[in-house]
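Trainee: Sending over data-v1.cif (mmCIF, C-alpha atoms).
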```
data_query
#
loop_
_atom_site.label_atom_id
_atom_site.label_comp_id
_atom_site.auth_asym_id
_atom_site.auth_seq_id
_atom_site.Cartn_x
_atom_site.Cartn_y
_atom_site.Cartn_z
CA MET E 72 -24.05 43.80 28.24
CA ARG E 73 -23.55 45.80 25.04
CA GLN E 74 -19.80 45.20 25.30
CA ASN E 75 -20.47 41.43 25.46
CA GLU E 76 -22.69 41.66 22.36
CA THR E 77 -19.92 43.48 20.45
CA LYS E 78 -17.45 40.78 21.49
CA ARG E 79 -19.78 38.01 20.28
CA ARG E 80 -20.49 39.54 16.86
CA PRO E 81 -17.32 38.28 15.04
CA GLY E 82 -18.07 34.78 16.36
CA ARG E 83 -21.64 34.95 15.07
CA VAL E 84 -20.46 36.17 11.65
CA LEU E 85 -18.01 33.23 11.54
CA GLY E 86 -20.82 30.85 12.51
CA VAL E 87 -23.12 32.11 9.73
CA LEU E 88 -20.31 32.01 7.12
CA ALA E 89 -19.31 28.50 8.26
CA SER E 90 -22.93 27.26 8.02
CA ILE E 91 -23.36 28.63 4.47
CA SER E 92 -20.05 27.20 3.27
CA ILE E 93 -20.74 23.80 4.93
CA VAL E 94 -24.04 23.48 3.03
CA ALA E 95 -22.30 24.53 -0.23
CA GLY E 96 -19.41 22.14 0.47
CA LEU E 97 -21.69 19.17 1.16
CA TYR E 98 -23.69 19.88 -1.99
CA LEU E 99 -20.53 20.07 -4.13
CA ALA E 100 -19.02 16.96 -2.49
CA PHE E 101 -21.99 14.81 -3.53
CA GLN E 102 -22.64 16.52 -6.86
CA ALA E 103 -19.01 16.12 -8.11
CA PRO E 104 -18.37 13.30 -10.60
CA PRO E 105 -16.78 10.12 -9.20
CA ASP E 106 -13.00 9.80 -9.53
CA ALA E 107 -11.88 7.80 -12.59
CA TYR E 108 -9.76 5.40 -10.49
CA GLN E 109 -11.16 5.46 -6.96
CA GLY E 110 -14.85 5.88 -7.80
CA ASP E 111 -17.20 7.25 -5.14
CA VAL E 112 -14.85 6.48 -2.21
CA GLN E 113 -12.84 9.51 -3.32
CA ARG E 114 -15.67 11.71 -1.90
CA ILE E 115 -14.08 11.06 1.53
CA MET E 116 -11.23 13.31 0.32
CA TYR E 117 -13.66 16.26 0.42
CA LEU E 118 -13.62 15.79 4.19
CA HIS E 119 -10.11 14.42 4.70
CA ILE E 120 -8.10 17.25 3.10
CA PRO E 121 -10.24 20.06 4.64
CA SER E 122 -10.03 18.43 8.10
CA ILE E 123 -6.24 18.39 8.15
CA MET E 124 -6.15 21.96 6.75
CA ALA E 125 -8.45 23.10 9.58
CA ALA E 126 -6.20 21.28 12.05
CA TYR E 127 -3.08 22.96 10.58
CA VAL E 128 -4.68 26.42 10.94
CA CYS E 129 -5.42 25.62 14.61
CA TYR E 130 -1.87 24.32 15.20
CA PHE E 131 -0.53 27.54 13.71
CA ILE E 132 -2.66 29.48 16.22
CA VAL E 133 -1.41 27.22 19.05
CA PHE E 134 2.16 27.91 17.92
CA VAL E 135 1.66 31.69 17.74
CA GLY E 136 -0.25 31.78 21.06
CA SER E 137 2.43 29.69 22.79
CA CYS E 138 5.30 31.86 21.47
CA LEU E 139 3.44 35.01 22.57
CA TYR E 140 2.77 33.53 26.01
CA LEU E 141 6.44 32.64 26.55
CA TRP E 142 7.41 36.14 25.42
CA LYS E 143 4.81 38.34 27.16
CA ARG E 144 3.33 35.98 29.82
CA GLU E 145 -0.20 37.18 29.13
CA LYS E 146 -3.00 34.86 30.19
CA ARG E 147 -5.02 35.69 27.04
CA ASP E 148 -2.35 34.17 24.76
CA ASP E 149 -2.31 31.01 26.85
CA ILE E 150 -6.12 30.71 26.68
CA LEU E 151 -5.90 31.14 22.90
CA ALA E 152 -3.24 28.41 22.57
CA LYS E 153 -5.12 26.02 24.88
CA SER E 154 -8.43 26.59 23.03
CA ALA E 155 -6.85 26.12 19.59
CA ALA E 156 -5.12 22.91 20.78
CA GLU E 157 -8.48 21.38 21.76
CA VAL E 158 -10.00 22.13 18.33
CA ALA E 159 -6.81 20.98 16.56
CA VAL E 160 -6.88 17.62 18.39
CA LEU E 161 -10.51 17.10 17.33
CA PHE E 162 -9.74 17.80 13.65
CA THR E 163 -6.56 15.66 13.69
CA ALA E 164 -8.44 12.70 15.19
CA LEU E 165 -11.16 13.11 12.55
CA THR E 166 -8.52 13.26 9.78
CA ILE E 167 -7.04 9.95 10.96
CA ILE E 168 -10.50 8.32 11.15
CA GLU E 169 -11.46 9.56 7.65
CA GLY E 170 -8.10 8.43 6.25
CA SER E 171 -8.59 5.02 7.81
CA ILE E 172 -12.09 4.63 6.34
CA TRP E 173 -10.75 5.72 2.92
CA GLY E 174 -7.71 3.42 3.27
CA LYS E 175 -9.71 0.20 3.73
CA PRO E 176 -11.36 0.11 0.26
CA THR E 177 -8.39 1.84 -1.46
CA TRP E 178 -5.30 0.25 0.11
CA GLY E 179 -7.00 -2.81 1.61
CA VAL E 180 -6.03 -1.91 5.21
CA TRP E 181 -7.51 0.32 7.92
CA TRP E 182 -4.04 1.39 9.07
CA THR E 183 -0.42 1.07 7.97
CA TRP E 184 2.77 2.38 9.58
CA ASP E 185 3.44 4.70 6.66
CA ALA E 186 5.62 7.79 7.36
CA ARG E 187 2.85 10.36 6.88
CA LEU E 188 0.27 8.40 8.88
CA THR E 189 2.76 7.76 11.67
CA PHE E 190 3.82 11.42 11.91
CA THR E 191 0.14 12.46 12.01
CA ALA E 192 -0.52 9.96 14.81
CA ILE E 193 2.55 11.31 16.65
CA LEU E 194 1.19 14.87 16.25
CA LEU E 195 -2.14 13.78 17.75
CA MET E 196 -0.38 12.04 20.66
CA ILE E 197 1.84 15.09 21.35
CA PHE E 198 -1.21 17.35 21.64
CA VAL E 199 -3.25 14.86 23.67
CA GLY E 200 -0.15 14.78 25.92
CA TYR E 201 -0.14 18.61 25.91
CA MET E 202 -3.69 18.66 27.26
CA MET E 203 -2.93 15.98 29.86
CA LEU E 204 0.24 17.75 30.97
CA ARG E 205 -1.68 20.99 31.47
CA SER E 206 -4.31 19.29 33.60
CA LEU E 207 -1.69 17.48 35.71
CA ILE E 208 0.31 20.57 36.78
CA GLU E 209 -1.53 22.46 39.52
CA ASP E 210 0.36 25.76 39.27
CA GLU E 211 -1.36 27.49 36.34
CA GLU E 212 1.63 29.56 35.24
CA ARG E 213 3.92 26.52 35.24
CA ALA E 214 1.30 24.49 33.36
CA ALA E 215 0.97 27.25 30.75
CA ALA E 216 4.75 27.59 30.30
CA ALA E 217 5.34 23.81 30.09
CA GLY E 218 2.39 23.51 27.70
CA ALA E 219 3.77 26.30 25.49
CA VAL E 220 7.14 24.52 25.19
CA VAL E 221 5.45 21.19 24.29
CA ALA E 222 3.19 22.97 21.77
CA ILE E 223 6.13 24.67 20.02
CA ILE E 224 8.03 21.36 19.79
CA GLY E 225 4.85 19.57 18.66
CA ALA E 226 4.16 22.10 15.90
CA LEU E 227 7.57 21.26 14.38
CA ASP E 228 6.05 17.89 13.43
CA ILE E 229 3.81 19.57 10.82
CA PRO E 230 6.54 20.27 8.19
CA LEU E 231 7.64 16.64 8.68
CA ILE E 232 4.08 15.44 7.95
CA HIS E 233 3.86 17.57 4.81
CA MET E 234 7.28 16.61 3.47
CA SER E 235 7.20 12.92 4.52
CA ALA E 236 5.58 11.88 1.21
CA TYR E 237 8.62 13.36 -0.60
CA TRP E 238 11.41 12.35 1.80
CA TRP E 239 10.41 8.70 2.37
CA ARG E 240 8.98 5.95 0.18
CA THR E 241 5.42 6.01 1.47
CA LEU E 242 2.11 4.40 0.61
CA HIS E 243 0.45 7.80 1.08
CA GLN E 244 0.49 9.69 -2.21
CA PRO E 245 2.25 13.08 -2.40
CA PRO E 246 0.00 16.18 -2.22
CA SER E 247 -2.21 16.80 -5.26
CA ILE E 248 -3.15 20.41 -4.55
CA MET E 249 -0.22 21.72 -2.48
CA ARG E 250 2.67 20.74 -4.72
CA PRO E 251 5.69 23.05 -4.81
CA ASP E 252 6.15 22.53 -8.58
CA LYS E 253 2.58 22.86 -9.89
CA LEU E 254 -0.56 24.93 -9.32
CA PRO E 255 -3.62 23.01 -7.99
CA TRP E 256 -5.62 23.33 -11.25
CA GLU E 257 -2.70 21.89 -13.24
CA THR E 258 -2.97 18.56 -11.42
CA VAL E 259 -6.69 18.31 -10.51
CA LYS E 260 -9.61 19.06 -12.86
CA TRP E 261 -11.98 21.87 -11.75
CA PRO E 262 -15.06 19.65 -11.10
CA LEU E 263 -12.98 17.76 -8.51
CA LEU E 264 -10.94 20.73 -7.29
CA LEU E 265 -13.85 23.09 -6.55
CA PRO E 266 -15.45 20.83 -3.88
CA VAL E 267 -12.03 20.50 -2.20
CA ILE E 268 -11.54 24.29 -2.08
CA VAL E 269 -15.09 25.04 -0.85
CA ASN E 270 -14.84 22.32 1.82
CA ILE E 271 -11.44 23.64 2.96
CA VAL E 272 -13.01 27.10 3.40
CA ALA E 273 -16.01 25.53 5.19
CA LEU E 274 -14.02 23.46 7.68
CA VAL E 275 -11.47 26.22 8.35
CA LEU E 276 -14.35 28.63 9.10
CA LEU E 277 -16.00 25.99 11.29
CA ALA E 278 -12.72 25.41 13.16
CA LEU E 279 -12.33 29.17 13.71
CA TYR E 280 -15.95 29.42 14.92
CA LEU E 281 -15.44 26.52 17.36
CA LEU E 282 -12.20 28.18 18.45
CA SER E 283 -14.01 31.48 19.10
CA LEU E 284 -16.55 29.63 21.31
CA ARG E 285 -13.78 27.71 23.13
CA PHE E 286 -11.82 30.93 23.64
CA ARG E 287 -14.89 32.64 25.09
CA LEU E 288 -15.32 29.67 27.45
CA GLY E 289 -11.67 29.95 28.51
CA GLU E 290 -12.02 33.67 29.18
CA THR E 291 -15.26 33.14 31.14
CA GLU E 292 -13.63 30.42 33.28
CA GLU E 293 -10.74 32.80 33.97
CA ARG E 294 -13.15 35.54 35.07
CA ILE E 295 -14.98 33.06 37.34
CA LYS E 296 -11.64 32.20 39.00
CA ARG E 297 -10.87 35.90 39.48
CA GLU E 298 -14.34 36.59 40.90
CA MET E 299 -13.97 33.71 43.36
CA MET E 300 -10.49 34.84 44.43
CA GLU E 301 -11.69 38.41 44.95
CA GLY E 302 -14.70 37.05 46.86
CA THR E 303 -12.54 35.08 49.28
CA ALA E 304 -9.94 37.90 49.67
CA MET H 271 -19.42 -2.78 2.45
CA GLY H 272 -19.72 -0.89 -0.85
CA ALA H 273 -18.14 2.47 -1.74
CA TRP H 274 -21.19 4.41 -0.57
CA GLY H 275 -21.09 2.53 2.76
CA PHE H 276 -17.56 3.83 3.43
CA VAL H 277 -18.58 7.35 2.34
CA ALA H 278 -21.64 7.28 4.65
CA LEU H 279 -19.51 5.94 7.53
CA ALA H 280 -16.89 8.71 7.13
CA TYR H 281 -19.40 11.56 6.77
CA GLY H 282 -21.57 10.14 9.57
CA ILE H 283 -18.72 9.87 12.09
CA VAL H 284 -17.24 13.27 11.24
CA TRP H 285 -20.47 15.28 11.35
CA ALA H 286 -21.73 13.45 14.43
CA ALA H 287 -18.44 14.20 16.25
CA LEU H 288 -18.46 17.85 15.16
CA LEU H 289 -22.09 18.35 16.20
CA ILE H 290 -21.53 16.64 19.58
CA TYR H 291 -18.47 18.84 20.20
CA PHE H 292 -20.38 21.99 19.14
CA PHE H 293 -23.37 21.32 21.40
CA THR H 294 -21.16 20.27 24.33
CA LEU H 295 -19.12 23.45 23.92
CA LYS H 296 -22.27 25.61 23.75
CA ASN H 297 -23.57 23.91 26.91
CA ARG H 298 -20.25 24.40 28.78
CA LEU H 299 -20.21 28.06 27.72
CA ARG H 300 -23.83 28.65 28.77
CA LYS H 301 -23.16 27.11 32.21
CA ALA H 302 -19.95 29.11 32.70
CA GLU H 303 -21.65 32.39 31.74
CA ALA H 304 -24.55 31.65 34.12
CA ARG H 305 -22.06 30.91 36.94
CA LEU H 306 -20.17 34.14 36.25
CA ALA H 307 -23.39 36.18 36.23
CA GLN H 308 -24.40 34.57 39.53
CA LEU H 309 -21.02 35.37 41.13
CA GLN H 310 -21.14 38.97 39.89
CA TRP H 311 -24.68 39.37 41.26
CA LEU H 312 -23.61 37.97 44.64
CA ARG H 313 -20.59 40.30 44.75
CA SER H 314 -22.67 43.37 43.88
CA LYS H 315 -25.20 42.37 46.56
CA GLU H 316 -22.38 42.00 49.11
CA SER H 317 -20.92 45.40 48.22
CA VAL H 318 -24.36 47.05 48.51
CA GLY H 319 -24.75 45.39 51.94
CA ALA H 320 -21.28 46.56 53.05
CA ASN H 321 -21.99 50.15 51.91
CA ALA H 322 -25.31 50.19 53.79
CA THR H 323 -23.66 49.15 57.07
#
```
Write out the structure in this file as structure tokens.
Mentor:
Amino acid sequence: MRQNETKRRPGRVLGVLASISIVAGLYLAFQAPPDAYQGDVQRIMYLHIPSIMAAYVCYFIVFVGSCLYLWKREKRDDILAKSAAEVAVLFTALTIIEGSIWGKPTWGVWWTWDARLTFTAILLMIFVGYMMLRSLIEDEERAAAAGAVVAIIGALDIPLIHMSAYWWRTLHQPPSIMRPDKLPWETVKWPLLLPVIVNIVALVLLALYLLSLRFRLGETEERIKREMMEGTA
Amino acid sequence: MGAWGFVALAYGIVWAALLIYFFTLKNRLRKAEARLAQLQWLRSKESVGANAT
């Protein structure tokens, strides 16, 4: 029992930190001045940028977990990759929805086949496919190995998403805060930059907290399977 | 729909989805932990029974 409590503590700390930063992020998002060109619609960016950052962090964890699984074949790495993929899919879907809602008043359309939008939609489809593939293969080890290969290939889409605004003529503007040539505060004024940073921290912490819960669920399900197998043996 | 309508729609959908996912996940976890505890209790009961015989 005490061992379980010790295991849960980092998750609880993450949950508390995420809650505090979410409240601070929401306050800053609505207290920030409206953008000179976009007006109040720009407040959607305080969700949109943090959501994709949270998704990227989760995809990185999927990538690392998948590589480790293929290398060491440890179930724990596979559970980590599978859990992170579920959270990453949620945040990617939310990013696309937020972008679409922002796009309507700004670009005049809910969706356009722009390079960055298309690559993000492809990323979402690859990882929805990853989850479907895993559920379709009955042999767990084969499902984990096939999933790991798909996840590694899928993660290669992320540099394409980031660089697409530079490599192709796109409607989506190039990054404002992650530019290779300038520091964030050189392109965005502090009253607009601070809410972005705080909301990135908030949603990344929330994603990690959700991941810790999903990972615990994965581990518990694995222990149930083991208990049942030992019970029937 | 005005600018604030789009902002409310975006924030509403995102936070509703995140809260639904959080509570669903908590519920799945609670059920799984209860099932595991039940299985462990049954196994310990069986082993006590086997030792007694």
Trainee: Taking only residues of chain E that have an atom at most 8 Å from an atom of chain H, what is each one's shortest atom pair and its distance in Å to one decimal, using all atoms listed in the file, in chain and number order, as JSON lines?
Mentor:
```
{"residue": "E:Gly110", "atom": "CA", "partner": "H:Ala273", "partner_atom": "CA", "distance": 7.7}
{"residue": "E:Asp111", "atom": "CA", "partner": "H:Ala273", "partner_atom": "CA", "distance": 5.9}
{"residue": "E:Val112", "atom": "CA", "partner": "H:Ala273", "partner_atom": "CA", "distance": 5.2}
{"residue": "E:Arg114", "atom": "CA", "partner": "H:Val277", "partner_atom": "CA", "distance": 6.7}
{"residue": "E:Ile115", "atom": "CA", "partner": "H:Val277", "partner_atom": "CA", "distance": 5.9}
{"residue": "E:Leu118", "atom": "CA", "partner": "H:Tyr281", "partner_atom": "CA", "distance": 7.6}
{"residue": "E:Leu165", "atom": "CA", "partner": "H:Val284", "partner_atom": "CA", "distance": 6.2}
{"residue": "E:Ile168", "atom": "CA", "partner": "H:Ala280", "partner_atom": "CA", "distance": 7.6}
{"residue": "E:Glu169", "atom": "CA", "partner": "H:Ala280", "partner_atom": "CA", "distance": 5.5}
{"residue": "E:Ile172", "atom": "CA", "partner": "H:Phe276", "partner_atom": "CA", "distance": 6.2}
{"residue": "E:Trp173", "atom": "CA", "partner": "H:Phe276", "partner_atom": "CA", "distance": 7.1}
{"residue": "E:Pro176", "atom": "CA", "partner": "H:Ala273", "partner_atom": "CA", "distance": 7.5}
{"residue": "E:Leu281", "atom": "CA", "partner": "H:Phe292", "partner_atom": "CA", "distance": 6.9}
{"residue": "E:Leu284", "atom": "CA", "partner": "H:Leu295", "partner_atom": "CA", "distance": 7.2}
{"residue": "E:Arg285", "atom": "CA", "partner": "H:Leu295", "partner_atom": "CA", "distance": 6.9}
{"residue": "E:Arg287", "atom": "CA", "partner": "H:Leu299", "partner_atom": "CA", "distance": 7.5}
{"residue": "E:Leu288", "atom": "CA", "partner": "H:Leu299", "partner_atom": "CA", "distance": 5.2}
{"residue": "E:Thr291", "atom": "CA", "partner": "H:Ala302", "partner_atom": "CA", "distance": 6.4}
{"residue": "E:Glu292", "atom": "CA", "partner": "H:Ala302", "partner_atom": "CA", "distance": 6.5}
{"residue": "E:Arg294", "atom": "CA", "partner": "H:Leu306", "partner_atom": "CA", "distance": 7.3}
{"residue": "E:Ile295", "atom": "CA", "partner": "H:Leu306", "partner_atom": "CA", "distance": 5.4}
{"residue": "E:Glu298", "atom": "CA", "partner": "H:Leu309", "partner_atom": "CA", "distance": 6.8}
{"residue": "E:Met299", "atom": "CA", "partner": "H:Leu309", "partner_atom": "CA", "distance": 7.6}
{"residue": "E:Gly302", "atom": "CA", "partner": "H:Arg313", "partner_atom": "CA", "distance": 7.1}
```
Trainee: Could you state which residues are captured by the PyMOL selection byres ((chain E and resi 136) around 7) in this file, as a ChimeraX atom specification?
Mentor: /E:132-135,137-140,148-149,151-152
Trainee: Taking 5 positions as the minimum chain separation for residues in the same chain, which residues sit within 12 Å of Leu242 (chain E) when counting all atoms listed in the file? Answer as a VMD selection string.
Mentor: chain E and resid 174 177 to 180 182 to 189 235 to 237
Trainee: Compile the contact shell of Gly86 (chain E) as JSON, numbers by chain: residues with an atom at most 12 Å away, counting only C-alpha atoms, same-chain residues fewer than 4 positions apart removed.
Mentor: {"E": [79, 80, 81, 82, 90, 91, 92, 93, 273, 274, 275, 276, 277, 278, 279, 280, 281, 282, 283, 284], "H": [292]}
Trainee: Closest to Ser206 (chain E) among E:Lys153, E:Gln102, E:Ile193, E:Cys129, using all atoms listed in the file?
Mentor: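 The shortest atom-to-atom distance to Ser206 (chain E) comes from E:Lys153.
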Trainee: Find, counting all atoms listed in the file, the residue in E:Leu85, E:Val267, E:Val158, E:Leu141 that gets nearest to Ala217 (chain E).
Mentor: E:Leu141
Trainee: Rounded to one decimal, what separation in Å do you get between CA of Pro266 (chain E) and CA of Met124 (chain E)?
Mentor: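 Taking CA of Pro266 (chain E) as the start and CA of Met124 (chain E) as the end point, the length is 14.2 Å.
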Trainee: I need the residue nearest Gln113 (chain E) from this list: E:Ala192, E:Ala125, E:Val272, E:Leu263. Use only C-alpha atoms for the distance.
Mentor: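 Closest to Gln113 (chain E) of all the choices is E:Leu263.
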Trainee: Calculate how many Å separate CA of Gly282 (chain H) from CA of Tyr130 (chain E), rounding to one decimal.
Mentor: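 According to the coordinates, CA of Gly282 (chain H) and CA of Tyr130 (chain E) are separated by 24.9 Å.
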Trainee: Ranking E:Ala214, E:Val221, E:Leu88, E:Ile120 by minimum distance to Ile271 (chain E) and counting all atoms listed in the file, which one comes first?
Mentor: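 Between E:Ala214, E:Val221, E:Leu88, E:Ile120, the residue approaching Ile271 (chain E) most closely is E:Ile120.
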Trainee: What separation in Å, quoted to one decimal, exists between CA of Pro230 (chain E) and CA of Val259 (chain E)?
Mentor: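 CA of Pro230 (chain E) sits 23.0 Å away from CA of Val259 (chain E).
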Trainee: From the list E:Val84, E:Ala164, E:Met196, E:Ala100, which residue is nearest Val269 (chain E) when using all atoms listed in the file?
Mentor: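 Smallest distance to Val269 (chain E) is found for E:Ala100.
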Trainee: Any chance you could build region 206-221 of chain E out to N, CA and C atoms and write it as a JSON list (two decimals), in the coordinates of the input?
Mentor:
```json
[["chain", "number", "residue", "atom", "x", "y", "z"],
["E", 206, "SER", "N", -3.37, 19.59, 32.52],
["E", 206, "SER", "CA", -4.31, 19.29, 33.60],
["E", 206, "SER", "C", -3.61, 18.67, 34.81],
["E", 207, "LEU", "N", -2.39, 18.13, 34.59],
["E", 207, "LEU", "CA", -1.69, 17.48, 35.71],
["E", 207, "LEU", "C", -0.91, 18.46, 36.59],
["E", 208, "ILE", "N", -0.47, 19.60, 36.00],
["E", 208, "ILE", "CA", 0.31, 20.57, 36.78],
["E", 208, "ILE", "C", -0.66, 21.55, 37.45],
["E", 209, "GLU", "N", -0.56, 21.63, 38.78],
["E", 209, "GLU", "CA", -1.53, 22.46, 39.52],
["E", 209, "GLU", "C", -1.27, 23.96, 39.35],
["E", 210, "ASP", "N", 0.01, 24.35, 39.41],
["E", 210, "ASP", "CA", 0.36, 25.76, 39.27],
["E", 210, "ASP", "C", 0.05, 26.20, 37.82],
["E", 211, "GLU", "N", -0.88, 27.12, 37.68],
["E", 211, "GLU", "CA", -1.36, 27.49, 36.34],
["E", 211, "GLU", "C", -0.28, 28.09, 35.45],
["E", 212, "GLU", "N", 0.58, 28.91, 36.06],
["E", 212, "GLU", "CA", 1.63, 29.56, 35.24],
["E", 212, "GLU", "C", 2.64, 28.54, 34.75],
["E", 213, "ARG", "N", 2.98, 27.59, 35.64],
["E", 213, "ARG", "CA", 3.92, 26.52, 35.24],
["E", 213, "ARG", "C", 3.30, 25.64, 34.17],
["E", 214, "ALA", "N", 2.01, 25.33, 34.34],
["E", 214, "ALA", "CA", 1.30, 24.49, 33.36],
["E", 214, "ALA", "C", 1.28, 25.18, 31.99],
["E", 215, "ALA", "N", 1.03, 26.49, 32.00],
["E", 215, "ALA", "CA", 0.97, 27.25, 30.75],
["E", 215, "ALA", "C", 2.34, 27.29, 30.07],
["E", 216, "ALA", "N", 3.39, 27.51, 30.87],
["E", 216, "ALA", "CA", 4.75, 27.59, 30.30],
["E", 216, "ALA", "C", 5.19, 26.23, 29.75],
["E", 217, "ALA", "N", 4.96, 25.16, 30.55],
["E", 217, "ALA", "CA", 5.34, 23.81, 30.09],
["E", 217, "ALA", "C", 4.54, 23.45, 28.84],
["E", 218, "GLY", "N", 3.25, 23.78, 28.85],
["E", 218, "GLY", "CA", 2.39, 23.51, 27.70],
["E", 218, "GLY", "C", 2.89, 24.24, 26.46],
["E", 219, "ALA", "N", 3.29, 25.49, 26.63],
["E", 219, "ALA", "CA", 3.77, 26.30, 25.49],
["E", 219, "ALA", "C", 5.01, 25.66, 24.87],
["E", 220, "VAL", "N", 5.91, 25.16, 25.72],
["E", 220, "VAL", "CA", 7.14, 24.52, 25.19],
["E", 220, "VAL", "C", 6.77, 23.26, 24.40],
["E", 221, "VAL", "N", 5.88, 22.43, 24.98],
["E", 221, "VAL", "CA", 5.45, 21.19, 24.29],
["E", 221, "VAL", "C", 4.77, 21.54, 22.97]]
```
